[in-house]
Structure formats: C-alpha cells, structure tokens
$ cat structure_14.pdb   # PDB, C-alpha atoms, pLDDT in the B column
ATOM      1  CA  GLU A 284      49.703  46.870-146.498  1.00 64.00           C
ATOM      2  CA  ALA A 285      49.549  48.599-143.128  1.00 79.00           C
ATOM      3  CA  GLY A 286      50.356  52.272-143.024  1.00 92.00           C
ATOM      4  CA  VAL A 287      52.316  54.189-140.424  1.00 95.00           C
ATOM      5  CA  VAL A 288      51.001  53.327-136.966  1.00 96.00           C
ATOM      6  CA  GLN A 289      51.125  55.704-134.039  1.00 96.00           C
ATOM      7  CA  SER A 290      50.040  55.401-130.435  1.00 96.00           C
ATOM      8  CA  PRO A 291      48.474  56.709-128.407  1.00 96.00           C
ATOM      9  CA  ARG A 292      46.083  58.699-130.549  1.00 95.00           C
ATOM     10  CA  TYR A 293      45.293  61.121-127.758  1.00 96.00           C
ATOM     11  CA  LYS A 294      47.115  62.048-124.569  1.00 97.00           C
ATOM     12  CA  ILE A 295      46.198  64.525-121.841  1.00 97.00           C
ATOM     13  CA  ILE A 296      48.761  65.288-119.154  1.00 97.00           C
ATOM     14  CA  GLU A 297      49.541  67.966-116.634  1.00 97.00           C
ATOM     15  CA  LYS A 298      52.506  70.242-117.157  1.00 95.00           C
ATOM     16  CA  LYS A 299      55.847  69.000-115.877  1.00 96.00           C
ATOM     17  CA  GLN A 300      54.812  65.383-116.470  1.00 97.00           C
ATOM     18  CA  PRO A 301      56.694  63.157-118.939  1.00 97.00           C
ATOM     19  CA  VAL A 302      55.059  61.754-122.056  1.00 97.00           C
ATOM     20  CA  ALA A 303      56.122  59.362-124.803  1.00 97.00           C
ATOM     21  CA  PHE A 304      54.826  58.698-128.309  1.00 97.00           C
ATOM     22  CA  TRP A 305      55.404  55.571-130.360  1.00 97.00           C
ATOM     23  CA  CYS A 306      55.636  55.111-134.111  1.00 97.00           C
ATOM     24  CA  ASN A 307      55.823  52.002-136.274  1.00 97.00           C
ATOM     25  CA  PRO A 308      56.741  52.922-139.854  1.00 96.00           C
ATOM     26  CA  ILE A 309      55.750  51.131-143.041  1.00 95.00           C
ATOM     27  CA  SER A 310      57.704  47.910-143.395  1.00 94.00           C
ATOM     28  CA  GLY A 311      60.927  48.425-145.319  1.00 92.00           C
ATOM     29  CA  HIS A 312      60.984  52.187-144.926  1.00 94.00           C
ATOM     30  CA  ASN A 313      64.444  53.245-143.827  1.00 92.00           C
ATOM     31  CA  THR A 314      63.691  56.912-143.239  1.00 93.00           C
ATOM     32  CA  LEU A 315      61.502  58.022-140.350  1.00 95.00           C
ATOM     33  CA  TYR A 316      60.398  61.525-139.430  1.00 95.00           C
ATOM     34  CA  TRP A 317      58.765  63.185-136.441  1.00 96.00           C
ATOM     35  CA  TYR A 318      56.799  66.377-137.038  1.00 96.00           C
ATOM     36  CA  ARG A 319      54.921  68.719-134.723  1.00 96.00           C
ATOM     37  CA  GLN A 320      51.770  70.429-135.956  1.00 95.00           C
ATOM     38  CA  ASN A 321      50.347  73.337-133.991  1.00 94.00           C
ATOM     39  CA  LEU A 322      46.687  74.228-134.378  1.00 90.00           C
ATOM     40  CA  GLY A 323      45.977  75.913-137.698  1.00 87.00           C
ATOM     41  CA  GLN A 324      49.525  75.490-138.989  1.00 91.00           C
ATOM     42  CA  GLY A 325      51.427  73.090-141.179  1.00 93.00           C
ATOM     43  CA  PRO A 326      53.687  70.403-139.700  1.00 94.00           C
ATOM     44  CA  GLU A 327      57.265  71.272-138.729  1.00 94.00           C
ATOM     45  CA  LEU A 328      60.041  68.707-138.799  1.00 93.00           C
ATOM     46  CA  LEU A 329      61.529  67.809-135.422  1.00 95.00           C
ATOM     47  CA  ILE A 330      63.886  64.976-136.317  1.00 94.00           C
ATOM     48  CA  ARG A 331      64.713  62.647-139.204  1.00 93.00           C
ATOM     49  CA  TYR A 332      66.229  59.158-138.978  1.00 93.00           C
ATOM     50  CA  GLU A 333      68.055  57.189-141.622  1.00 91.00           C
ATOM     51  CA  ASN A 334      67.804  53.681-140.196  1.00 91.00           C
ATOM     52  CA  GLU A 335      68.855  54.104-136.559  1.00 91.00           C
ATOM     53  CA  GLU A 336      70.857  57.291-137.100  1.00 91.00           C
ATOM     54  CA  ALA A 337      69.407  60.738-136.423  1.00 91.00           C
ATOM     55  CA  VAL A 338      70.590  62.736-139.446  1.00 87.00           C
ATOM     56  CA  ASP A 339      68.732  65.976-138.757  1.00 84.00           C
ATOM     57  CA  ASP A 340      67.595  67.005-135.290  1.00 86.00           C
ATOM     58  CA  SER A 341      68.261  70.720-135.562  1.00 83.00           C
ATOM     59  CA  GLN A 342      64.628  71.597-134.770  1.00 86.00           C
ATOM     60  CA  LEU A 343      64.345  69.277-131.777  1.00 90.00           C
ATOM     61  CA  PRO A 344      64.294  71.182-128.432  1.00 89.00           C
ATOM     62  CA  LYS A 345      66.985  69.080-126.862  1.00 88.00           C
ATOM     63  CA  ASP A 346      66.522  70.357-123.339  1.00 93.00           C
ATOM     64  CA  ARG A 347      63.254  68.478-122.962  1.00 95.00           C
ATOM     65  CA  PHE A 348      62.753  66.391-126.102  1.00 96.00           C
ATOM     66  CA  SER A 349      64.463  63.133-126.948  1.00 95.00           C
ATOM     67  CA  ALA A 350      63.937  60.471-129.591  1.00 96.00           C
ATOM     68  CA  GLU A 351      65.294  57.062-130.380  1.00 95.00           C
ATOM     69  CA  ARG A 352      65.090  54.427-133.081  1.00 94.00           C
ATOM     70  CA  LEU A 353      67.180  51.685-131.598  1.00 83.00           C
ATOM     71  CA  LYS A 354      66.774  48.897-134.179  1.00 86.00           C
ATOM     72  CA  GLY A 355      66.070  51.115-137.139  1.00 84.00           C
ATOM     73  CA  VAL A 356      62.365  50.268-137.150  1.00 92.00           C
ATOM     74  CA  ASP A 357      60.071  51.601-134.392  1.00 96.00           C
ATOM     75  CA  SER A 358      60.715  54.973-132.859  1.00 97.00           C
ATOM     76  CA  THR A 359      59.729  56.796-129.701  1.00 97.00           C
ATOM     77  CA  LEU A 360      59.585  60.522-129.056  1.00 97.00           C
ATOM     78  CA  LYS A 361      59.702  61.674-125.450  1.00 97.00           C
ATOM     79  CA  ILE A 362      59.047  64.987-123.724  1.00 97.00           C
ATOM     80  CA  GLN A 363      60.236  65.493-120.170  1.00 96.00           C
ATOM     81  CA  PRO A 364      59.005  67.664-118.603  1.00 96.00           C
ATOM     82  CA  ALA A 365      56.067  68.766-120.738  1.00 96.00           C
ATOM     83  CA  GLU A 366      55.112  72.439-120.939  1.00 96.00           C
ATOM     84  CA  LEU A 367      51.825  74.076-121.886  1.00 96.00           C
ATOM     85  CA  GLY A 368      53.271  75.127-125.237  1.00 95.00           C
ATOM     86  CA  ASP A 369      53.928  71.505-126.173  1.00 96.00           C
ATOM     87  CA  SER A 370      50.227  70.961-126.841  1.00 97.00           C
ATOM     88  CA  ALA A 371      50.075  69.956-130.500  1.00 96.00           C
ATOM     89  CA  VAL A 372      49.667  67.003-132.828  1.00 96.00           C
ATOM     90  CA  TYR A 373      52.812  64.913-133.184  1.00 97.00           C
ATOM     91  CA  LEU A 374      53.018  63.221-136.561  1.00 96.00           C
ATOM     92  CA  CYS A 375      55.266  60.386-137.626  1.00 96.00           C
ATOM     93  CA  ALA A 376      56.076  59.731-141.274  1.00 95.00           C
ATOM     94  CA  SER A 377      58.235  57.254-143.144  1.00 94.00           C
ATOM     95  CA  SER A 378      59.705  56.833-146.602  1.00 91.00           C
ATOM     96  CA  LEU A 379      61.794  54.277-148.475  1.00 89.00           C
ATOM     97  CA  GLY A 380      64.697  56.665-148.325  1.00 81.00           C
ATOM     98  CA  ALA A 381      65.618  60.290-148.660  1.00 70.00           C
ATOM     99  CA  ALA A 382      63.946  61.969-151.652  1.00 70.00           C
ATOM    100  CA  ASN A 383      61.134  59.392-151.677  1.00 77.00           C
ATOM    101  CA  GLU A 384      57.495  60.153-150.977  1.00 82.00           C
ATOM    102  CA  GLN A 385      56.627  60.419-147.288  1.00 88.00           C
ATOM    103  CA  PHE A 386      53.670  58.588-145.776  1.00 91.00           C
ATOM    104  CA  PHE A 387      52.133  59.949-142.604  1.00 93.00           C
ATOM    105  CA  GLY A 388      50.549  58.326-139.588  1.00 94.00           C
ATOM    106  CA  PRO A 389      47.341  59.614-137.943  1.00 93.00           C
ATOM    107  CA  GLY A 390      49.259  61.512-135.277  1.00 95.00           C
ATOM    108  CA  THR A 391      49.093  61.803-131.505  1.00 96.00           C
ATOM    109  CA  ARG A 392      47.163  64.767-130.169  1.00 96.00           C
ATOM    110  CA  LEU A 393      48.831  65.987-126.981  1.00 97.00           C
ATOM    111  CA  THR A 394      47.090  68.317-124.556  1.00 97.00           C
ATOM    112  CA  VAL A 395      49.131  69.714-121.670  1.00 97.00           C
ATOM    113  CA  LEU A 396      47.040  71.192-118.853  1.00 96.00           C
TER     114      LEU A 396
ATOM    115  CA  LYS B 204      65.287  79.664-145.064  1.00 86.00           C
ATOM    116  CA  GLN B 205      62.406  78.391-147.194  1.00 91.00           C
ATOM    117  CA  GLU B 206      59.016  79.933-146.480  1.00 94.00           C
ATOM    118  CA  VAL B 207      55.784  78.520-147.869  1.00 96.00           C
ATOM    119  CA  THR B 208      52.561  80.515-147.982  1.00 96.00           C
ATOM    120  CA  GLN B 209      49.105  79.288-148.877  1.00 96.00           C
ATOM    121  CA  ILE B 210      46.258  81.506-149.962  1.00 92.00           C
ATOM    122  CA  PRO B 211      43.448  81.589-149.096  1.00 92.00           C
ATOM    123  CA  ALA B 212      43.590  80.317-145.531  1.00 94.00           C
ATOM    124  CA  ALA B 213      39.958  79.235-145.765  1.00 95.00           C
ATOM    125  CA  LEU B 214      37.527  78.775-148.619  1.00 95.00           C
ATOM    126  CA  SER B 215      33.844  77.896-148.789  1.00 96.00           C
ATOM    127  CA  VAL B 216      32.242  76.987-152.101  1.00 96.00           C
ATOM    128  CA  PRO B 217      28.998  75.394-153.295  1.00 97.00           C
ATOM    129  CA  GLU B 218      29.117  71.847-154.597  1.00 97.00           C
ATOM    130  CA  GLY B 219      30.051  71.504-158.249  1.00 97.00           C
ATOM    131  CA  GLU B 220      32.262  74.572-158.419  1.00 96.00           C
ATOM    132  CA  ASN B 221      35.776  74.402-159.831  1.00 97.00           C
ATOM    133  CA  LEU B 222      38.355  75.924-157.507  1.00 95.00           C
ATOM    134  CA  VAL B 223      42.025  76.809-157.256  1.00 96.00           C
ATOM    135  CA  LEU B 224      44.245  76.695-154.197  1.00 97.00           C
ATOM    136  CA  ASN B 225      47.491  78.655-154.249  1.00 97.00           C
ATOM    137  CA  CYS B 226      50.912  77.957-152.804  1.00 98.00           C
ATOM    138  CA  SER B 227      53.991  80.178-153.012  1.00 97.00           C
ATOM    139  CA  PHE B 228      57.540  79.550-151.857  1.00 97.00           C
ATOM    140  CA  THR B 229      60.562  81.807-151.483  1.00 96.00           C
ATOM    141  CA  ASP B 230      63.448  79.517-152.497  1.00 92.00           C
ATOM    142  CA  SER B 231      63.060  78.108-156.010  1.00 91.00           C
ATOM    143  CA  ALA B 232      65.879  75.549-155.607  1.00 90.00           C
ATOM    144  CA  ILE B 233      63.534  72.691-154.830  1.00 91.00           C
ATOM    145  CA  TYR B 234      63.613  68.943-155.401  1.00 89.00           C
ATOM    146  CA  ASN B 235      59.840  68.590-155.564  1.00 90.00           C
ATOM    147  CA  LEU B 236      56.542  69.954-154.309  1.00 93.00           C
ATOM    148  CA  GLN B 237      53.802  67.906-152.767  1.00 93.00           C
ATOM    149  CA  TRP B 238      50.117  68.529-152.068  1.00 96.00           C
ATOM    150  CA  PHE B 239      48.528  66.792-149.088  1.00 96.00           C
ATOM    151  CA  ARG B 240      45.030  66.488-147.747  1.00 97.00           C
ATOM    152  CA  GLN B 241      44.311  66.415-144.016  1.00 95.00           C
ATOM    153  CA  ASP B 242      40.942  65.504-142.570  1.00 93.00           C
ATOM    154  CA  PRO B 243      40.082  66.598-138.999  1.00 86.00           C
ATOM    155  CA  GLY B 244      41.876  64.450-136.461  1.00 79.00           C
ATOM    156  CA  LYS B 245      43.678  62.500-139.160  1.00 83.00           C
ATOM    157  CA  GLY B 246      47.142  62.354-140.617  1.00 86.00           C
ATOM    158  CA  LEU B 247      48.204  63.634-144.017  1.00 92.00           C
ATOM    159  CA  THR B 248      47.312  61.916-147.254  1.00 92.00           C
ATOM    160  CA  SER B 249      49.526  62.613-150.251  1.00 91.00           C
ATOM    161  CA  LEU B 250      47.556  63.801-153.271  1.00 95.00           C
ATOM    162  CA  LEU B 251      50.129  64.767-155.868  1.00 94.00           C
ATOM    163  CA  LEU B 252      53.900  65.060-156.044  1.00 91.00           C
ATOM    164  CA  ILE B 253      55.522  67.222-158.723  1.00 92.00           C
ATOM    165  CA  GLN B 254      59.233  66.798-159.379  1.00 90.00           C
ATOM    166  CA  SER B 255      61.223  69.975-159.984  1.00 91.00           C
ATOM    167  CA  SER B 256      61.565  69.092-163.675  1.00 92.00           C
ATOM    168  CA  GLN B 257      57.810  68.706-164.152  1.00 94.00           C
ATOM    169  CA  ARG B 258      55.172  71.333-164.833  1.00 95.00           C
ATOM    170  CA  GLU B 259      52.075  69.526-163.645  1.00 95.00           C
ATOM    171  CA  GLN B 260      50.561  66.330-162.325  1.00 95.00           C
ATOM    172  CA  THR B 261      47.002  65.066-162.569  1.00 96.00           C
ATOM    173  CA  SER B 262      44.998  62.590-160.527  1.00 95.00           C
ATOM    174  CA  GLY B 263      41.283  62.290-161.193  1.00 96.00           C
ATOM    175  CA  ARG B 264      39.649  65.644-160.562  1.00 97.00           C
ATOM    176  CA  LEU B 265      42.880  67.110-159.191  1.00 97.00           C
ATOM    177  CA  ASN B 266      45.525  68.919-161.183  1.00 97.00           C
ATOM    178  CA  ALA B 267      48.616  70.485-159.658  1.00 97.00           C
ATOM    179  CA  SER B 268      50.915  72.833-161.518  1.00 97.00           C
ATOM    180  CA  LEU B 269      54.393  74.049-160.678  1.00 97.00           C
ATOM    181  CA  ASP B 270      56.156  77.212-161.814  1.00 96.00           C
ATOM    182  CA  LYS B 271      59.511  76.898-160.099  1.00 93.00           C
ATOM    183  CA  SER B 272      60.961  80.141-161.427  1.00 92.00           C
ATOM    184  CA  SER B 273      58.165  82.206-159.941  1.00 95.00           C
ATOM    185  CA  GLY B 274      57.910  80.117-156.796  1.00 96.00           C
ATOM    186  CA  ARG B 275      54.287  79.129-157.281  1.00 97.00           C
ATOM    187  CA  SER B 276      52.082  76.078-157.397  1.00 97.00           C
ATOM    188  CA  THR B 277      48.353  75.711-157.791  1.00 97.00           C
ATOM    189  CA  LEU B 278      46.006  72.862-156.979  1.00 97.00           C
ATOM    190  CA  TYR B 279      42.951  72.791-159.210  1.00 97.00           C
ATOM    191  CA  ILE B 280      39.914  70.811-158.042  1.00 97.00           C
ATOM    192  CA  ALA B 281      37.260  70.222-160.672  1.00 97.00           C
ATOM    193  CA  ALA B 282      33.575  69.754-159.901  1.00 97.00           C
ATOM    194  CA  SER B 283      34.030  69.966-156.148  1.00 97.00           C
ATOM    195  CA  GLN B 284      32.103  67.616-153.861  1.00 97.00           C
ATOM    196  CA  PRO B 285      31.250  67.762-150.138  1.00 97.00           C
ATOM    197  CA  GLY B 286      33.711  64.920-149.631  1.00 96.00           C
ATOM    198  CA  ASP B 287      36.485  67.243-150.759  1.00 97.00           C
ATOM    199  CA  SER B 288      36.061  69.252-147.552  1.00 97.00           C
ATOM    200  CA  ALA B 289      39.378  69.100-145.726  1.00 97.00           C
ATOM    201  CA  THR B 290      42.556  71.074-145.174  1.00 97.00           C
ATOM    202  CA  TYR B 291      44.937  71.083-148.118  1.00 98.00           C
ATOM    203  CA  LEU B 292      48.635  71.481-147.404  1.00 97.00           C
ATOM    204  CA  CYS B 293      51.437  72.323-149.774  1.00 97.00           C
ATOM    205  CA  ALA B 294      54.968  71.148-148.917  1.00 95.00           C
ATOM    206  CA  VAL B 295      58.266  71.929-150.610  1.00 95.00           C
ATOM    207  CA  ASP B 296      61.331  69.703-150.516  1.00 90.00           C
ATOM    208  CA  ASN B 297      64.554  71.720-150.646  1.00 84.00           C
ATOM    209  CA  ALA B 298      67.181  69.231-149.589  1.00 76.00           C
ATOM    210  CA  GLY B 299      66.165  65.696-150.336  1.00 67.00           C
ATOM    211  CA  ASN B 300      63.097  64.999-148.247  1.00 66.00           C
ATOM    212  CA  MET B 301      63.287  68.011-145.936  1.00 79.00           C
ATOM    213  CA  LEU B 302      59.702  69.198-146.271  1.00 89.00           C
ATOM    214  CA  THR B 303      58.637  72.747-145.462  1.00 93.00           C
ATOM    215  CA  PHE B 304      54.887  73.063-145.168  1.00 95.00           C
ATOM    216  CA  GLY B 305      52.545  75.943-145.752  1.00 96.00           C
ATOM    217  CA  GLY B 306      49.836  76.786-143.245  1.00 95.00           C
ATOM    218  CA  GLY B 307      47.148  75.077-145.309  1.00 96.00           C
ATOM    219  CA  THR B 308      43.828  76.035-146.878  1.00 97.00           C
ATOM    220  CA  ARG B 309      40.689  74.875-145.079  1.00 96.00           C
ATOM    221  CA  LEU B 310      38.148  73.975-147.741  1.00 97.00           C
ATOM    222  CA  MET B 311      34.438  73.595-147.132  1.00 97.00           C
ATOM    223  CA  VAL B 312      32.249  72.368-150.000  1.00 97.00           C
ATOM    224  CA  LYS B 313      28.578  72.915-149.248  1.00 96.00           C
ATOM    225  CA  PRO B 314      25.921  70.567-150.654  1.00 94.00           C
TER     226      PRO B 314
END

$ encode --input "structure_14.pdb" --output "structure tokens"
Amino acid sequence: EAGVVQSPRYKIIEKKQPVAFWCNPISGHNTLYWYRQNLGQGPELLIRYENEEAVDDSQLPKDRFSAERLKGVDSTLKIQPAELGDSAVYLCASSLGAANEQFFGPGTRLTVL
Amino acid sequence: KQEVTQIPAALSVPEGENLVLNCSFTDSAIYNLQWFRQDPGKGLTSLLLIQSSQREQTSGRLNASLDKSSGRSTLYIAASQPGDSATYLCAVDNAGNMLTFGGGTRLMVKP
C-alpha cells in the first residue's frame, strides 16, 4: 500500500514569490494534517482537515498561508508571498480519523532566498 | 499549553550499547504518546504508540514506557546498531490527534 505522497520534495524560491505544496494521503484516510518543521526542532501543526473541512487552523499564518482539500482527498498548501523565515520542511500526514495513528509523508524542503 | 522536552538533544554511543532516550511533558491529560524516528531528509516513521491507559509498549529491540502522572516517557533501545542512527521524536496527543512534538534526540551509533 502506498504511503503519504508529497511533491515536490525540494523547492528553492526567492522571497516574495508564491509556492505550493501537494499532498496525497493514504487511501481511505479521512484526516489530513500539514506540519512545519524548522531545522533542529520537532514538527508543529499548521492545519488539520476532517474530510474537506478544516477543523483546526489556529496555527496557520492566514495572512500569507492558505490550504485546501476540495474533494476530501488531496490537499495543497500555499504560501504567498514567501518570506525568508518560511524556510523549513513542510510535512503532510494522514490518519483514518481523529485519535488514530498518523502516517507521515517525506516532506517538502523549502528554501527561501 | 502542552510543552514537550527531550533530553539529551544529541547522543553518540558505540555499537552494542543499550541506551535510554527521555521525554517529558507538562500536561498529563493526554490521550496517548508516540515515538517517531526521522532519518535525514525523510519523513517520520512511527515506532511505538502508548495509550494513556498503558504503561509500556515493546517492538523488537525497542521498549517505550509511560508514566503519565509524572509526565515522563522513556524509549529504551537494546543492543544499538549503526542503523539506529537517526533523530528520535516524542509526540503527545492531548486532544484527539493534536500532536505536540519535542525537539528530538539526534542519535549516532558508531561501529
């Protein structure tokens, strides 16, 4: 069974440019998460979806970050415009539902120059 | 707000040694605690998940314990191998799959 798929794996952009990340969760997993992991730190939750509904986006910087999960399957996370401090690894995870084990994708490493 | 701390931040041991990684958390009202492994440039791999009602979980050479009242968990790795070299992350679930992660312990096992 395929795991959580993310693309691209690496992205280098200049500040003020837009960027988008894509995530395909494990088939049948209703809950999808986006995390940000800064160098040398643990991941921090940005947003959680139950099907197509964002149920927790309190940590998402809404002035520049947006996310969607239109059909309750794939999800995209967008940053516009990117800032130097956005350089990090963006991880997607999925689970069958709330309180179930989370499975993580390989992440997208973003570098903002 | 839950805070999770992992000690030590980095650890280097010779192959074959038994070792213990520590995790502490400030809010003991947890659903479960999970230990993950992260290899450089890779995502997280779940190692062990301990429900709040459990005291420990074992998988192969790994054993994780949970003392909820004191806000502590340990990950014990027996007979360490170079392939165990990775970053180990502890994560606590306070509200039904709302994970709070520690900063991780970077483990190096030398041949």

$ interface_residues --input "structure_14.pdb" --of "chain A" --to "chain B" --cutoff "12 Å" --atoms "all atoms listed in the file" --output "PyMOL selection string"
chain A and resi 286-289+292-293+314-333+338-342+371-393

$ atom_distance --input "structure_14.pdb" --atom1 "atom CA of B:Ser255" --atom2 "atom CA of B:Ile233"
6.3 Å

$ closest_residue --input "structure_14.pdb" --among "A:Ala285, A:Ile362, A:Asn334, A:Asn313" --to "A:Pro301" --atoms "all atoms listed in the file"
A:Ile362

$ resolve_selection --input "structure_14.pdb" --expression "the PyMOL selection byres ((chain A and resi 368) around 10)" --output "PyMOL selection string"
chain A and resi 298+321+365-367+369-371+394-396

$ atom_distance --input "structure_14.pdb" --atom1 "atom CA of A:Phe348" --atom2 "atom CA of A:Asn307"
18.9 Å

$ resolve_selection --input "structure_14.pdb" --expression "the PyMOL selection byres ((chain B and resi 219) around 7)" --output "short mmCIF file (atom, residue, chain, number, x, y, z; two decimals) with C-alpha atoms, in the frame of the given file"
data_model
loop_
_atom_site.label_atom_id
_atom_site.label_comp_id
_atom_site.auth_asym_id
_atom_site.auth_seq_id
_atom_site.Cartn_x
_atom_site.Cartn_y
_atom_site.Cartn_z
CA PRO B 217 29.00 75.39 -153.29
CA GLU B 218 29.12 71.85 -154.60
CA GLU B 220 32.26 74.57 -158.42
CA ASN B 221 35.78 74.40 -159.83
CA ALA B 282 33.58 69.75 -159.90
CA SER B 283 34.03 69.97 -156.15
CA GLN B 284 32.10 67.62 -153.86
#

$ atom_distance --input "structure_14.pdb" --atom1 "atom CA of B:Arg258" --atom2 "atom CA of B:Pro285"
28.3 Å

$ residues_around --input "structure_14.pdb" --residues "B:Ser288" --least-positions-apart "2" --cutoff "7 Å" --atoms "all atoms listed in the file" --output "PyMOL selection string"
chain B and resi 285-286+310-312

$ residues_near_point --input "structure_14.pdb" --point "(55.5, 73.3, -161.3)" --cutoff "9 Å" --atoms "only C-alpha atoms" --output "list in words"
Asn235, Leu236, Ile253, Gln254, Ser255, Ser256, Gln257, Arg258, Glu259, Gln260, Ala267, Ser268, Leu269, Asp270, Lys271, Ser272, Gly274, Arg275, Ser276 and Thr277 of chain B

$ resolve_selection --input "structure_14.pdb" --expression "the PyMOL selection byres ((chain B and resi 211) around 8)" --output "count of residues only"
8
